[in-house]
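*Asks:* This one is my_file24.txt, compact mmCIF, C-alpha atoms and all ligand atoms.
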```txt
# COMPACT_ATOMS: atom_id res chain seq x y z
CA MET A 1 -24.81 -1.06 -2.72
CA THR A 2 -25.28 0.11 -6.27
CA THR A 3 -23.19 -0.84 -9.26
CA GLN A 4 -22.23 2.75 -9.97
CA HIS A 5 -18.74 2.35 -8.45
CA PRO A 6 -16.48 -0.20 -10.11
CA PHE A 7 -14.28 -1.88 -7.50
CA GLU A 8 -11.26 0.14 -8.63
CA ALA A 9 -13.02 3.30 -7.42
CA MET A 10 -13.94 1.98 -3.97
CA PHE A 11 -11.58 4.34 -2.16
CA SER A 12 -13.50 7.28 -3.59
CA GLY A 13 -16.69 6.05 -1.94
CA ILE A 14 -17.75 4.92 1.52
CA ILE A 15 -14.55 2.95 2.20
CA GLY A 16 -12.58 6.14 1.58
CA GLN A 17 -14.80 8.18 3.87
CA GLU A 18 -14.59 5.63 6.68
CA TYR A 19 -11.16 4.21 6.02
CA ASP A 20 -10.02 4.71 9.63
CA MET A 21 -12.55 2.05 10.62
CA LEU A 22 -10.07 -0.36 9.07
CA ARG A 23 -7.99 -0.08 12.25
CA LEU A 24 -10.84 -1.81 14.08
CA ILE A 25 -11.41 -4.59 11.59
CA CYS A 26 -7.76 -4.99 10.63
CA PRO A 27 -5.35 -3.72 13.30
CA LEU A 28 -2.50 -5.32 11.33
CA ALA A 29 -2.90 -2.68 8.64
CA ALA A 30 -1.82 0.17 10.93
CA GLU A 31 1.04 -1.97 12.24
CA MET A 32 2.26 -2.57 8.68
CA SER A 33 2.58 1.18 8.07
CA GLN A 34 4.88 1.34 11.10
CA LEU A 35 6.97 -1.50 9.67
CA VAL A 36 7.30 0.30 6.33
CA GLY A 37 8.39 3.47 8.15
CA GLN A 38 10.82 1.50 10.29
CA ARG A 39 12.51 0.00 7.20
CA ALA A 40 12.83 3.46 5.61
CA GLY A 41 14.42 4.70 8.86
CA GLU A 42 16.94 1.85 8.87
CA TYR A 43 17.81 2.62 5.25
CA CYS A 44 18.42 6.29 6.16
CA ALA A 45 20.72 5.25 8.99
CA GLN A 46 22.79 3.17 6.55
CA ASN A 47 22.63 5.71 3.69
CA PRO A 48 23.37 9.22 5.02
CA ALA A 49 22.58 10.88 1.67
CA ALA A 50 19.14 9.29 1.29
CA SER A 51 16.30 11.79 1.47
CA SER A 52 13.67 11.37 -1.28
CA VAL A 53 10.67 9.10 -0.90
CA LEU A 54 7.95 8.41 -3.44
CA GLU A 55 4.92 6.97 -1.66
CA LEU A 56 2.47 4.99 -3.78
CA GLY A 57 -1.13 5.22 -2.57
CA GLY A 58 -0.76 7.47 0.48
CA GLY A 59 -4.48 7.24 1.25
CA THR A 60 -5.47 8.94 4.50
CA GLY A 61 -1.83 9.30 5.54
CA ILE A 62 -1.21 6.45 7.99
CA THR A 63 1.87 5.23 6.12
CA THR A 64 2.91 8.77 5.19
CA LEU A 65 3.08 9.67 8.88
CA ALA A 66 5.17 6.59 9.63
CA LEU A 67 7.59 7.63 6.86
CA LEU A 68 7.74 11.25 8.08
CA SER A 69 8.53 9.98 11.57
CA ALA A 70 11.19 7.55 10.35
CA ASN A 71 13.84 10.22 9.78
CA GLU A 72 13.50 14.02 9.68
CA ARG A 73 15.71 14.12 6.59
CA LEU A 74 13.06 12.36 4.50
CA LYS A 75 11.04 14.37 1.98
CA ILE A 76 7.97 12.58 0.73
CA THR A 77 5.95 12.84 -2.44
CA SER A 78 2.70 11.03 -1.73
CA VAL A 79 0.61 9.93 -4.73
CA ASP A 80 -3.03 8.91 -4.66
CA ASN A 81 -5.86 9.23 -7.16
CA ALA A 82 -8.72 9.32 -4.61
CA GLU A 83 -9.53 12.83 -3.44
CA THR A 84 -11.68 11.40 -0.59
CA MET A 85 -8.64 9.64 0.83
CA GLN A 86 -5.97 12.26 0.11
CA SER A 87 -8.00 15.18 1.49
CA GLN A 88 -7.90 13.46 4.91
CA ALA A 89 -4.10 13.22 4.70
CA ARG A 90 -3.84 16.87 3.57
CA GLN A 91 -5.84 17.85 6.65
CA SER A 92 -3.95 15.81 9.23
CA LEU A 93 -0.44 16.23 7.79
CA GLN A 94 -0.55 19.92 6.84
CA GLN A 95 2.22 20.78 9.30
CA TRP A 96 4.74 18.66 7.32
CA GLN A 97 3.46 20.03 4.03
CA LYS A 98 4.12 23.59 5.29
CA GLU A 99 7.61 22.57 6.42
CA GLY A 100 8.32 21.41 2.85
CA ARG A 101 8.78 17.77 3.82
CA LEU A 102 5.59 16.54 2.17
CA ALA A 103 4.04 17.08 -1.25
CA PHE A 104 0.79 15.55 -2.45
CA VAL A 105 0.11 14.45 -6.01
CA LEU A 106 -3.50 13.64 -6.91
CA ASP A 107 -2.94 11.35 -9.85
CA ASP A 108 -2.62 7.83 -11.10
CA ILE A 109 0.43 5.99 -9.71
CA LEU A 110 1.63 4.61 -13.05
CA GLN A 111 1.33 8.00 -14.73
CA THR A 112 3.23 9.65 -11.89
CA LEU A 113 5.98 7.05 -12.11
CA GLU A 114 6.18 7.47 -15.89
CA HIS A 115 6.73 11.20 -15.37
CA THR A 116 9.50 10.62 -12.81
CA GLU A 117 13.14 10.74 -13.95
CA ASP A 118 15.37 7.67 -14.13
CA ASN A 119 17.54 6.99 -11.03
CA SER A 120 16.03 9.93 -9.10
CA VAL A 121 14.39 8.49 -5.94
CA ASP A 122 16.06 6.99 -2.84
CA ILE A 123 13.04 5.10 -1.52
CA VAL A 124 9.76 3.97 -3.06
CA ALA A 125 7.42 3.03 -0.21
CA SER A 126 3.88 1.77 -0.07
CA ALA A 127 1.34 -0.03 2.07
CA TYR A 128 -1.84 -1.83 1.04
CA THR A 129 -1.89 -0.30 -2.43
CA LEU A 130 -0.24 -2.74 -4.86
CA HIS A 131 -2.63 -5.60 -4.03
CA ASN A 132 -5.44 -3.47 -5.49
CA PHE A 133 -3.83 -3.51 -8.93
CA GLU A 134 -4.62 -5.86 -11.78
CA HIS A 135 -1.62 -8.01 -12.74
CA GLY A 136 -0.74 -6.14 -15.94
CA TYR A 137 -0.84 -2.75 -14.23
CA ARG A 138 1.23 -4.04 -11.27
CA GLU A 139 3.84 -5.39 -13.67
CA GLN A 140 4.22 -1.95 -15.24
CA VAL A 141 4.38 -0.28 -11.83
CA ILE A 142 7.18 -2.60 -10.64
CA ALA A 143 9.17 -1.93 -13.84
CA GLN A 144 8.76 1.82 -13.31
CA VAL A 145 9.68 1.62 -9.61
CA HIS A 146 12.95 -0.06 -10.62
CA ARG A 147 13.63 2.58 -13.27
CA VAL A 148 13.03 5.61 -11.00
CA LEU A 149 15.00 4.28 -8.01
CA LYS A 150 18.62 5.36 -7.64
CA PRO A 151 21.15 2.50 -7.76
CA ASP A 152 20.92 0.65 -4.43
CA GLY A 153 17.63 2.45 -3.75
CA LEU A 154 15.04 0.78 -1.52
CA PHE A 155 11.60 -0.51 -2.43
CA VAL A 156 9.52 -1.33 0.64
CA ASN A 157 5.93 -2.50 0.55
CA GLY A 158 3.70 -3.67 3.39
CA ASP A 159 0.74 -5.38 1.81
CA ARG A 160 -1.49 -8.39 1.31
CA TYR A 161 0.84 -11.05 -0.05
CA GLY A 162 -1.23 -14.15 -0.72
CA LEU A 163 0.11 -17.41 0.66
CA ASP A 164 1.34 -19.92 -1.92
CA ASP A 165 -0.61 -22.61 -0.07
CA VAL A 166 -4.08 -21.75 -1.35
CA ASN A 167 -5.85 -23.86 1.29
CA VAL A 168 -4.17 -22.04 4.17
CA HIS A 169 -4.76 -18.74 2.40
CA THR A 170 -8.49 -19.46 1.97
CA HIS A 171 -8.78 -20.39 5.64
CA LEU A 172 -7.19 -17.06 6.65
CA ILE A 173 -9.56 -15.14 4.37
CA GLN A 174 -12.51 -16.97 5.93
CA GLN A 175 -11.29 -15.89 9.38
CA GLU A 176 -10.91 -12.34 8.07
CA VAL A 177 -14.51 -12.30 6.84
CA GLN A 178 -15.71 -13.61 10.21
CA GLY A 179 -13.81 -10.74 11.86
CA TYR A 180 -15.51 -8.16 9.60
CA PHE A 181 -18.93 -9.58 10.49
CA SER A 182 -18.16 -9.71 14.18
CA VAL A 183 -16.95 -6.10 14.48
CA LEU A 184 -19.22 -4.38 11.97
CA THR A 185 -22.48 -6.11 12.95
CA ASP A 186 -21.79 -5.23 16.61
CA MET A 187 -21.39 -1.64 15.44
CA LYS A 188 -24.52 -1.93 13.29
CA ARG A 189 -22.49 -0.86 10.25
CA LEU A 190 -23.95 -3.27 7.70
CA ASP A 191 -23.40 -0.67 4.98
CA LEU A 192 -19.65 -0.73 5.57
CA LEU A 193 -19.64 -4.51 5.97
CA GLU A 194 -21.21 -4.84 2.53
CA HIS A 195 -18.58 -2.56 0.96
CA TRP A 196 -15.64 -4.36 2.60
CA ILE A 197 -16.92 -7.77 1.51
CA VAL A 198 -17.36 -6.52 -2.04
CA HIS A 199 -13.85 -5.07 -1.92
CA LEU A 200 -12.45 -8.34 -0.59
CA PHE A 201 -13.87 -10.16 -3.61
CA SER A 202 -11.83 -7.83 -5.79
CA ASP A 203 -8.68 -8.35 -3.67
CA GLU A 204 -9.08 -12.12 -3.89
CA SER A 205 -10.00 -12.29 -7.57
CA GLU A 206 -7.70 -14.16 -9.93
CA ASN A 207 -6.67 -11.00 -11.79
CA HIS A 208 -5.68 -9.11 -8.62
CA VAL A 209 -4.39 -11.49 -5.96
CA MET A 210 -0.69 -10.85 -5.26
CA ARG A 211 0.68 -14.33 -4.51
CA GLU A 212 3.95 -14.34 -2.53
CA SER A 213 6.15 -16.42 -4.87
CA VAL A 214 4.84 -14.65 -7.99
CA ALA A 215 5.43 -11.20 -6.47
CA LEU A 216 8.99 -12.02 -5.38
CA ALA A 217 9.83 -13.57 -8.77
CA GLN A 218 8.43 -10.47 -10.48
CA LEU A 219 10.82 -8.24 -8.52
CA GLN A 220 13.73 -10.44 -9.53
CA THR A 221 12.67 -10.37 -13.19
CA HIS A 222 12.71 -6.58 -13.11
CA GLY A 223 16.26 -6.49 -11.75
CA PHE A 224 15.81 -6.11 -8.00
CA LYS A 225 18.30 -7.76 -5.62
CA SER A 226 18.29 -8.78 -1.93
CA ILE A 227 14.55 -9.41 -2.11
CA GLN A 228 13.10 -10.31 1.25
CA LEU A 229 9.65 -11.00 2.67
CA ASP A 230 9.36 -10.67 6.45
CA HIS A 231 6.89 -9.87 9.22
CA ARG A 232 4.25 -12.17 7.75
CA ASN A 233 1.10 -12.04 9.82
CA GLN A 234 -1.84 -13.89 8.27
CA VAL A 235 -2.11 -12.62 4.68
CA ASN A 236 -0.07 -9.48 5.48
CA ALA A 237 3.68 -9.20 4.96
CA ARG A 238 6.45 -6.70 4.31
CA VAL A 239 8.62 -6.96 1.21
CA THR A 240 11.91 -5.16 0.72
CA ALA A 241 14.12 -5.10 -2.37
CA PHE A 242 16.98 -3.00 -3.69
CA LYS A 243 17.88 -1.75 -7.13
CA SER A 244 21.14 -3.27 -8.31
CA LEU A 245 24.13 -0.90 -8.38
C1 LIG A 301 -5.78 0.72 1.03
S1 LIG A 301 -5.27 2.33 0.72
C2 LIG A 301 -3.74 2.37 1.60
C3 LIG A 301 -3.49 3.67 2.30
C4 LIG A 301 -2.34 3.66 3.30
N1 LIG A 301 -1.07 3.41 2.65
C5 LIG A 301 -2.56 2.63 4.40
O1 LIG A 301 -1.75 1.74 4.57
O2 LIG A 301 -3.57 2.74 5.09
C6 LIG A 301 -4.78 2.25 -0.96
C7 LIG A 301 -4.71 3.61 -1.61
O3 LIG A 301 -4.18 3.47 -2.93
C8 LIG A 301 -4.89 4.34 -3.79
N2 LIG A 301 -4.78 3.81 -5.14
C9 LIG A 301 -5.15 2.57 -5.58
N3 LIG A 301 -4.87 2.45 -6.88
C10 LIG A 301 -4.31 3.61 -7.28
C11 LIG A 301 -3.80 4.08 -8.52
N4 LIG A 301 -3.81 3.33 -9.61
N5 LIG A 301 -3.29 5.33 -8.58
C12 LIG A 301 -3.28 6.12 -7.48
N6 LIG A 301 -3.74 5.73 -6.27
C13 LIG A 301 -4.25 4.49 -6.17
C14 LIG A 301 -6.31 4.33 -3.25
O4 LIG A 301 -7.01 5.49 -3.64
C15 LIG A 301 -6.08 4.27 -1.76
O5 LIG A 301 -6.06 5.53 -1.16
```
Just give me the structure of the file as structure tokens.
Ligand SMILES: C[S@@+](CC[C@H](N)C(=O)[O-])C[C@H]1O[C@@H](n2cnc3c(N)ncnc32)[C@H](O)[C@@H]1O
*Replies:*
Amino acid sequence: MTTQHPFEAMFSGIIGQEYDMLRLICPLAAEMSQLVGQRAGEYCAQNPAASSVLELGGGTGITTLALLSANERLKITSVDNAETMQSQARQSLQQWQKEGRLAFVLDDILQTLEHTEDNSVDIVASAYTLHNFEHGYREQVIAQVHRVLKPDGLFVNGDRYGLDDVNVHTHLIQQEVQGYFSVLTDMKRLDLLEHWIVHLFSDESENHVMRESVALAQLQTHGFKSIQLDHRNQVNARVTAFKSL
């Protein structure tokens, strides 16, 4: 491991190249994408005019695929700033891109949001992206998500929501680290183990960690209603919120 990649750029490096390995060390991550897609599908069933989705941090396309499968009416704009990650999604999801249901934007999420019109998007969806942000950046992203959503629009995010009980949270993180060691040493992938541990330090750092009560209060402050956290499994959970009419 060299210091040439700051932790913000980890998805451009080895983690990006071998991101699918995450399914082995964290099966919950793939499950969370399904839950995000499922919530978007339910929203479509209740809102027959809903069609536009802005996906924040599409990565290799796991969540994008779940959204595409949720309802054939949905048209997705998937934003990511890591070419290593997005090129994998472009490859595996080209069929939907050709059909005009999927567009990729290789750019910063906040910049993309800032260039999106007010009240123009039915659903903003994401998985395992917002926890990577520093607090100040996340605050701006949440404000922009609220601005771009149509009235009653849905925000759904499956992510690492830190437990308010720090002792329980720490215990879960310790178990997570043991899991990384167990799987990746068996596979003799010490290089990847090193990168994931380094990344975990960033996730858990004071300026990044997305604590449940703080995250939910932040949504309320920015004007969201019917805020709900469900499907908690260890440090993973799904959050849904709606823009007020
Ligand atoms: C952990 S991956 C999640 C991918 C996918 N949603 C999933 O659940 O597997 C997070 C993605 O967010 C992207 N990302 C993080 N910060 C970003 C930013 N500020 N602007 C654009 N993309 C960003 C990373 O490049 C990465 O592909």
*Asks:* Give as JSON, numbers by chain the residues surrounding ligand LIG 301 (chain A) up to a distance of 6 Å, considering only C-alpha atoms and all ligand atoms.
*Replies:* {"A": [11, 33, 57, 58, 59, 62, 63, 80, 81, 82, 85, 107, 108, 109, 126, 127, 128, 129]}
*Asks:* Can you pull out the residues contacting Asn132 (chain A)? Cut-off 9 Å, using all atoms listed in the file, and skip same-chain residues under 2 positions away; I want them as a list in words.
*Replies:*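 Answer for this query is Glu8, Tyr128, Thr129, Leu130, Glu134, Arg138, Ser202, Asp203, His208, Val209 and Met210 of chain A.
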*Asks:* Write the residues of the selection above to a file with C-alpha atoms, as a compact mmCIF listing (two decimals), in the coordinates of the input.
*Replies:*
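Saved the output as again_39.txt:
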```txt
# COMPACT_ATOMS: atom_id res chain seq x y z
CA GLU A 8 -11.26 0.14 -8.63
CA TYR A 128 -1.84 -1.83 1.04
CA THR A 129 -1.89 -0.30 -2.43
CA LEU A 130 -0.24 -2.74 -4.86
CA GLU A 134 -4.62 -5.86 -11.78
CA ARG A 138 1.23 -4.04 -11.27
CA SER A 202 -11.83 -7.83 -5.79
CA ASP A 203 -8.68 -8.35 -3.67
CA HIS A 208 -5.68 -9.11 -8.62
CA VAL A 209 -4.39 -11.49 -5.96
CA MET A 210 -0.69 -10.85 -5.26
```
*Asks:* Need to verify the contact set: Val124 (chain A), 7 Å, all atoms listed in the file, exclusion of same-chain residues closer than 3 positions in sequence. Can you return it as a short mmCIF file (atom, residue, chain, number, x, y, z; two decimals) with C-alpha atoms, in the coordinates of the input?
*Replies:*
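The result, written out as selection01.cif:
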```
data_model
loop_
_atom_site.label_atom_id
_atom_site.label_comp_id
_atom_site.auth_asym_id
_atom_site.auth_seq_id
_atom_site.Cartn_x
_atom_site.Cartn_y
_atom_site.Cartn_z
CA VAL A 53 10.67 9.10 -0.90
CA LEU A 54 7.95 8.41 -3.44
CA GLU A 55 4.92 6.97 -1.66
CA VAL A 145 9.68 1.62 -9.61
CA LEU A 154 15.04 0.78 -1.52
CA PHE A 155 11.60 -0.51 -2.43
CA VAL A 156 9.52 -1.33 0.64
#
```
*Asks:* Residues near region 92-101 of chain A, anyone? I mean within 8 Å using all atoms listed in the file, not counting same-chain ones fewer than 5 positions away, as a VMD selection string.
*Replies:* chain A and resid 61 65 68 74 to 76
*Asks:* Rank nothing, just name the residue among A:Arg160, A:Lys150, A:His131, A:His195 nearest to Ser244 (chain A), using only C-alpha atoms.
*Replies:* A:Lys150
*Asks:* For a cutoff of 8 Å around the file-coordinate point (-1.0, -15.7, -1.0), which residues qualify once you count all atoms listed in the file? I'd like the result as a list in words.
*Replies:*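 Nearby residues: Arg160, Tyr161, Gly162, Leu163, Asp164, Asp165, Val166, His169, Val209, Met210, Arg211, Glu212 and Val235 of chain A.
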*Asks:* For each of A:Gln91, A:Arg147, A:Glu206, A:Ser182, take the minimum atom-to-atom distance to Glu117 (chain A), counting only C-alpha atoms, then give the residue where this is smallest.
*Replies:*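 That would be A:Arg147, the residue with the smallest distance to Glu117 (chain A).
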*Asks:* Counting all atoms listed in the file, figure out which residue out of A:Thr77, A:Gln178, A:Ser213, A:Ser120 gets nearest to Ile25 (chain A).
*Replies:* A:Gln178
*Asks:* In Å to one decimal, how far is CA of Asn167 (chain A) from CA of Leu216 (chain A)?
*Replies:* 20.1 Å
*Asks:* Distance CA of Tyr180 (chain A)-CA of Leu22 (chain A), one decimal place?
*Replies:* 9.5 Å
*Asks:* Rank nothing, just name the residue among A:Gln111, A:Asn71, A:Gln144, A:Thr240 nearest to Val36 (chain A), using all atoms listed in the file.
*Replies:* A:Thr240
*Asks:* If we count only C-alpha atoms and set the cut-off at 10 Å, which residues sit around Glu42 (chain A), ignoring sequence neighbours fewer than 4 positions away in its own chain? Please answer as number ranges by chain.
*Replies:* A: 37-38, 46-47, 70-71
*Asks:* Tell me which of A:Asp191, A:Glu31, A:Glu204, A:Glu83 sits closest to Gln174 (chain A), counting only C-alpha atoms.
*Replies:* A:Glu204
*Asks:* Between CA of Ala40 (chain A) and CA of Ile123 (chain A), what is the distance in Å, rounded to a tenth?
*Replies:*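 For CA of Ala40 (chain A) relative to CA of Ile123 (chain A), the distance reads 7.3 Å.
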*Asks:* Can you sort out the box for region 116-126 of chain A, edges along x, y and z, all listed atoms in, 8 Å on every side, with centre and edge lengths in Å to one decimal, as JSON?
*Replies:*
```
{"center_x": 10.7, "center_y": 6.3, "center_z": -7.1, "size_x": 29.7, "size_y": 25.0, "size_z": 30.1}
```
*Asks:* For Val239 (chain A), which residue out of A:Ala50, A:Met32, A:Ala45, A:Leu56 is the nearest one, using all atoms listed in the file?
*Replies:*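 Counting all atoms listed in the file, the residue closest to Val239 (chain A) is A:Met32.
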*Asks:* Applying 8 Å and only C-alpha atoms, which residues near Leu219 (chain A) remain after dropping the ones on its own chain fewer than 5 positions away? List them as a VMD selection string.
*Replies:* chain A and resid 142 224 227 241
